[in-house]
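Next comes structure21.csv, with CSV, C-alpha atoms.
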```csv
chain,number,residue,atom,x,y,z
A,1,MET,CA,3.2,55.1,-14.5
A,2,LYS,CA,0.8,54.0,-11.8
A,3,PRO,CA,0.5,50.3,-11.2
A,4,ARG,CA,-2.6,48.3,-10.7
A,5,ILE,CA,-2.6,46.2,-7.5
A,6,VAL,CA,-3.7,42.6,-8.1
A,7,GLU,CA,-4.3,39.6,-5.8
A,8,LEU,CA,-3.0,36.7,-7.9
A,9,SER,CA,-4.0,33.1,-7.5
A,10,ASP,CA,-1.4,30.3,-7.6
A,11,LYS,CA,-0.4,29.4,-11.1
A,12,LYS,CA,1.0,26.2,-12.6
A,13,LEU,CA,3.8,27.0,-15.1
A,14,VAL,CA,5.7,24.7,-17.5
A,15,GLY,CA,8.9,25.6,-19.4
A,16,HIS,CA,12.6,25.8,-19.3
A,17,SER,CA,15.0,27.5,-16.9
A,18,LEU,CA,18.6,28.6,-16.7
A,19,LYS,CA,20.8,30.1,-14.0
A,20,MET,CA,22.1,33.5,-14.9
A,21,SER,CA,22.9,37.1,-13.8
A,22,LEU,CA,22.6,40.4,-15.5
A,23,ALA,CA,26.3,40.3,-16.3
A,24,ASN,CA,25.9,36.7,-17.7
A,25,ASN,CA,22.6,37.2,-19.4
A,26,ARG,CA,21.4,34.0,-21.1
A,27,THR,CA,17.9,35.1,-21.8
A,28,PHE,CA,18.3,34.6,-25.6
A,29,ASN,CA,19.5,31.0,-25.1
A,30,LEU,CA,16.6,30.3,-22.7
A,31,TRP,CA,13.9,31.6,-25.0
A,32,SER,CA,15.4,30.2,-28.2
A,33,GLY,CA,15.5,26.8,-26.6
A,34,PHE,CA,11.9,27.0,-25.3
A,35,MET,CA,9.9,28.6,-28.2
A,36,PRO,CA,10.3,25.8,-30.8
A,37,LEU,CA,9.2,23.2,-28.2
A,38,LYS,CA,6.4,25.0,-26.5
A,39,ARG,CA,3.9,23.6,-29.0
A,40,HIS,CA,4.3,20.2,-27.2
A,41,ILE,CA,2.6,21.7,-24.1
A,42,THR,CA,-1.0,20.8,-25.1
A,43,ASN,CA,-2.8,22.0,-22.0
A,44,ALA,CA,-1.7,25.6,-22.0
A,45,VAL,CA,-4.1,28.2,-20.5
A,46,GLY,CA,-4.2,31.2,-22.9
A,47,SER,CA,-1.4,32.3,-25.2
A,48,GLU,CA,0.6,34.5,-22.8
A,49,LEU,CA,4.2,33.7,-22.1
A,50,TYR,CA,5.7,34.1,-18.6
A,51,SER,CA,9.3,35.2,-18.0
A,52,VAL,CA,9.9,34.5,-14.4
A,53,GLN,CA,12.9,35.4,-12.2
A,54,VAL,CA,13.4,33.3,-9.0
A,55,TYR,CA,16.1,34.4,-6.5
A,56,GLU,CA,17.3,31.8,-4.0
A,57,LYS,CA,18.1,34.6,-1.5
A,58,PHE,CA,16.2,37.7,-2.3
A,59,PRO,CA,18.6,40.6,-2.8
A,60,ASP,CA,18.1,44.0,-1.3
A,61,ALA,CA,19.1,47.4,-2.9
A,62,GLU,CA,22.6,47.1,-1.3
A,63,SER,CA,23.3,43.5,-2.1
A,64,PHE,CA,21.9,43.4,-5.7
A,65,ASN,CA,24.6,43.8,-8.4
A,66,PRO,CA,25.1,42.7,-12.0
A,67,ASN,CA,26.6,39.4,-10.8
A,68,THR,CA,23.6,38.5,-8.5
A,69,GLU,CA,22.5,35.0,-9.7
A,70,PHE,CA,18.9,34.0,-10.3
A,71,GLU,CA,17.0,31.3,-12.1
A,72,LYS,CA,15.1,32.6,-15.1
A,73,TRP,CA,12.2,30.7,-16.5
A,74,ALA,CA,10.5,30.8,-20.0
A,75,THR,CA,7.0,29.3,-19.4
A,76,VAL,CA,3.4,29.1,-20.2
A,77,GLU,CA,0.5,28.5,-17.7
A,78,VAL,CA,-1.1,25.1,-17.7
A,79,SER,CA,-4.4,23.9,-16.4
A,80,GLU,CA,-2.8,21.0,-14.6
A,81,TYR,CA,0.5,19.2,-14.6
A,82,THR,CA,0.7,16.1,-16.8
A,83,GLU,CA,3.6,14.2,-18.3
A,84,TYR,CA,5.9,16.4,-20.4
A,85,ALA,CA,9.0,15.7,-22.4
A,86,GLU,CA,12.0,15.6,-20.2
A,87,ASP,CA,13.2,19.0,-21.4
A,88,PHE,CA,10.3,20.7,-19.6
A,89,LYS,CA,10.2,21.5,-15.9
A,90,THR,CA,7.3,22.7,-13.7
A,91,LEU,CA,7.2,25.8,-11.5
A,92,ASN,CA,4.5,26.5,-8.9
A,93,LEU,CA,4.0,30.3,-8.9
A,94,LYS,CA,2.7,31.2,-5.5
A,95,GLY,CA,-0.1,33.7,-5.5
A,96,GLY,CA,-0.3,36.9,-3.5
A,97,MET,CA,-0.4,40.6,-4.0
A,98,TYR,CA,1.4,42.1,-7.0
A,99,ALA,CA,1.9,45.6,-8.4
A,100,VAL,CA,1.5,45.4,-12.2
A,101,PHE,CA,3.3,47.9,-14.3
A,102,ILE,CA,3.4,48.3,-18.1
A,103,HIS,CA,6.8,48.4,-19.8
A,104,LYS,CA,6.6,50.0,-23.2
A,105,GLY,CA,9.7,49.7,-25.5
A,106,LEU,CA,12.7,47.6,-26.1
A,107,PRO,CA,13.9,45.0,-23.6
A,108,SER,CA,17.1,47.1,-23.4
A,109,GLU,CA,15.0,49.9,-21.9
A,110,LEU,CA,13.6,47.7,-19.1
A,111,LYS,CA,16.2,49.1,-16.7
A,112,LYS,CA,14.4,52.5,-16.8
A,113,THR,CA,11.1,50.9,-15.8
A,114,MET,CA,12.7,48.8,-13.1
A,115,ASP,CA,14.5,51.9,-11.7
A,116,TYR,CA,11.2,53.8,-11.6
A,117,ILE,CA,9.6,50.9,-9.7
A,118,PHE,CA,12.3,50.2,-7.2
A,119,LEU,CA,13.8,53.7,-6.7
A,120,GLY,CA,10.7,55.9,-7.3
A,121,TRP,CA,7.4,54.2,-6.8
A,122,MET,CA,8.1,51.6,-4.1
A,123,PRO,CA,9.9,53.8,-1.6
A,124,ASP,CA,6.9,56.3,-1.8
A,125,SER,CA,4.2,53.6,-1.7
A,126,ASP,CA,2.5,51.7,1.2
A,127,TYR,CA,4.2,48.5,-0.1
A,128,LYS,CA,7.5,46.7,0.2
A,129,LEU,CA,8.9,43.9,-1.8
A,130,ASP,CA,7.8,40.3,-1.0
A,131,HIS,CA,10.0,37.3,-1.4
A,132,ARG,CA,8.2,35.6,-4.3
A,133,PRO,CA,9.1,35.4,-8.0
A,134,GLN,CA,8.9,38.6,-10.1
A,135,PHE,CA,7.8,38.0,-13.6
A,136,GLU,CA,6.8,39.5,-16.9
A,137,VAL,CA,3.7,38.6,-18.9
A,138,LEU,CA,4.3,38.7,-22.7
A,139,GLY,CA,0.8,39.0,-24.1
A,140,GLU,CA,-0.7,40.1,-27.4
A,141,LYS,CA,0.9,43.5,-27.3
A,142,TYR,CA,4.4,42.0,-26.9
A,143,LYS,CA,6.6,42.4,-30.0
A,144,ASN,CA,10.0,40.9,-29.5
A,145,ASN,CA,12.7,43.6,-29.8
A,146,HIS,CA,10.3,46.2,-31.2
A,147,PRO,CA,10.0,49.8,-29.9
A,148,ASP,CA,6.2,49.6,-29.8
A,149,SER,CA,6.3,46.4,-27.6
A,150,GLU,CA,4.4,46.2,-24.3
A,151,GLU,CA,4.7,43.7,-21.5
A,152,GLU,CA,3.4,43.6,-18.0
A,153,VAL,CA,5.9,43.6,-15.1
A,154,TRP,CA,4.6,41.9,-12.0
A,155,ILE,CA,6.3,42.8,-8.7
A,156,PRO,CA,5.5,40.8,-5.6
A,157,ILE,CA,4.5,43.2,-2.8
A,158,GLN,CA,3.2,43.3,0.8
A,159,LEU,CA,2.0,46.1,3.0
A,160,LYS,CA,4.8,47.9,4.9
```

Reformat the file's structure so that it appears as structure tokens.
Amino acid sequence: MKPRIVELSDKKLVGHSLKMSLANNRTFNLWSGFMPLKRHITNAVGSELYSVQVYEKFPDAESFNPNTEFEKWATVEVSEYTEYAEDFKTLNLKGGMYAVFIHKGLPSELKKTMDYIFLGWMPDSDYKLDHRPQFEVLGEKYKNNHPDSEEEVWIPIQLK
């Protein structure tokens, strides 16, 4: 599983967010609240969905555990910010260098992909983690809770 390295431009995202951890995973609540309302975002760019994780203090391998809190976002990209219903929030996704991996399979199998990235690929690469949001792009090959599903995993990186 070799990533492609991408220089990403800044993005404007609109959606919902919730504080959570892996132990207190509220992803289902987040997306079930967002999906019925996303049709009200009339200036979306493309049809992709963005699942973004924002850490206040970026954890390292030693400090990360199932109780590490982060803010998870369910979003779409927009061309510009306009007025939105009060349920929606905006997120400026800062651009930069990203390693993009393809995760194939169920969401419950994502840990295998993440272990490969952080325990296999990254230590042997010329890159280290950068303190910017990590996200997944759920595009046309994404099939919610299906074994044939594919999503892109975007990991923020910088040269070592």

| Using only C-alpha atoms, which residue out of A:Ser21, A:Ser9, A:Thr75, A:Thr82 lies closest to Val52 of chain A? |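 Of A:Ser21, A:Ser9, A:Thr75, A:Thr82, the one nearest Val52 of chain A is A:Thr75, counting only C-alpha atoms.
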
| field | Neighbour list for Val78 of chain A as a ChimeraX atom specification, cut-off 9 Å, only C-alpha atoms, skip fewer than 3 positions in-chain | value | /A:11-14,41-46,81

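Using only C-alpha atoms, the nearest neighbour of Lys111 of chain A within the list A:His16, A:Ser47, A:Leu22, A:Asn92 is A:Leu22.
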
| request: Select, from A:Gln134, A:Ser17, A:Ser79, A:Gln53, the residue with the minimum atom-to-atom distance to Val153 of chain A, counting all atoms listed in the file. | output: A:Gln134

| query | For Pro123 of chain A, which of A:Asp148, A:Gly105, A:Glu56, A:Leu159 is the closest residue, counting all atoms listed in the file? | reply |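 Among the listed residues, A:Leu159 lies closest to Pro123 of chain A.
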
| request: Give the answer as one residue: which of A:Ile102, A:Val6, A:Met122, A:Leu49 has the shortest atom-to-atom distance to Met35 of chain A, using all atoms listed in the file? | output: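 For Met35 of chain A, the nearest of the given residues is A:Leu49.
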
| task | Could you jot down the atom CA of Glu86 of chain A to atom CA of Thr27 of chain A separation for me, Å, one decimal place? | result | 20.4 Å

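Nearest residue to His131 of chain A, choosing from A:Leu110, A:Val76, A:Val54, A:Ala85 and counting all atoms listed in the file: A:Val54.
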
| Can you tell me, as a ChimeraX atom specification, which residues sit within 9 Å of (6.1, 51.3, -29.4) in the file's frame, using all atoms listed in the file? | /A:104-106,143,146-150

| query | Mind pulling up the distance from atom CA of Glu136 of chain A to atom CA of Lys89 of chain A? | reply |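 If I compute the distance from atom CA of Lys89 of chain A to atom CA of Glu136 of chain A, I get 18.3 Å.
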
| task | To one decimal in Å, tell me the separation between atom CA of Arg132 of chain A and atom CA of Pro156 of chain A. | result | 6.0 Å
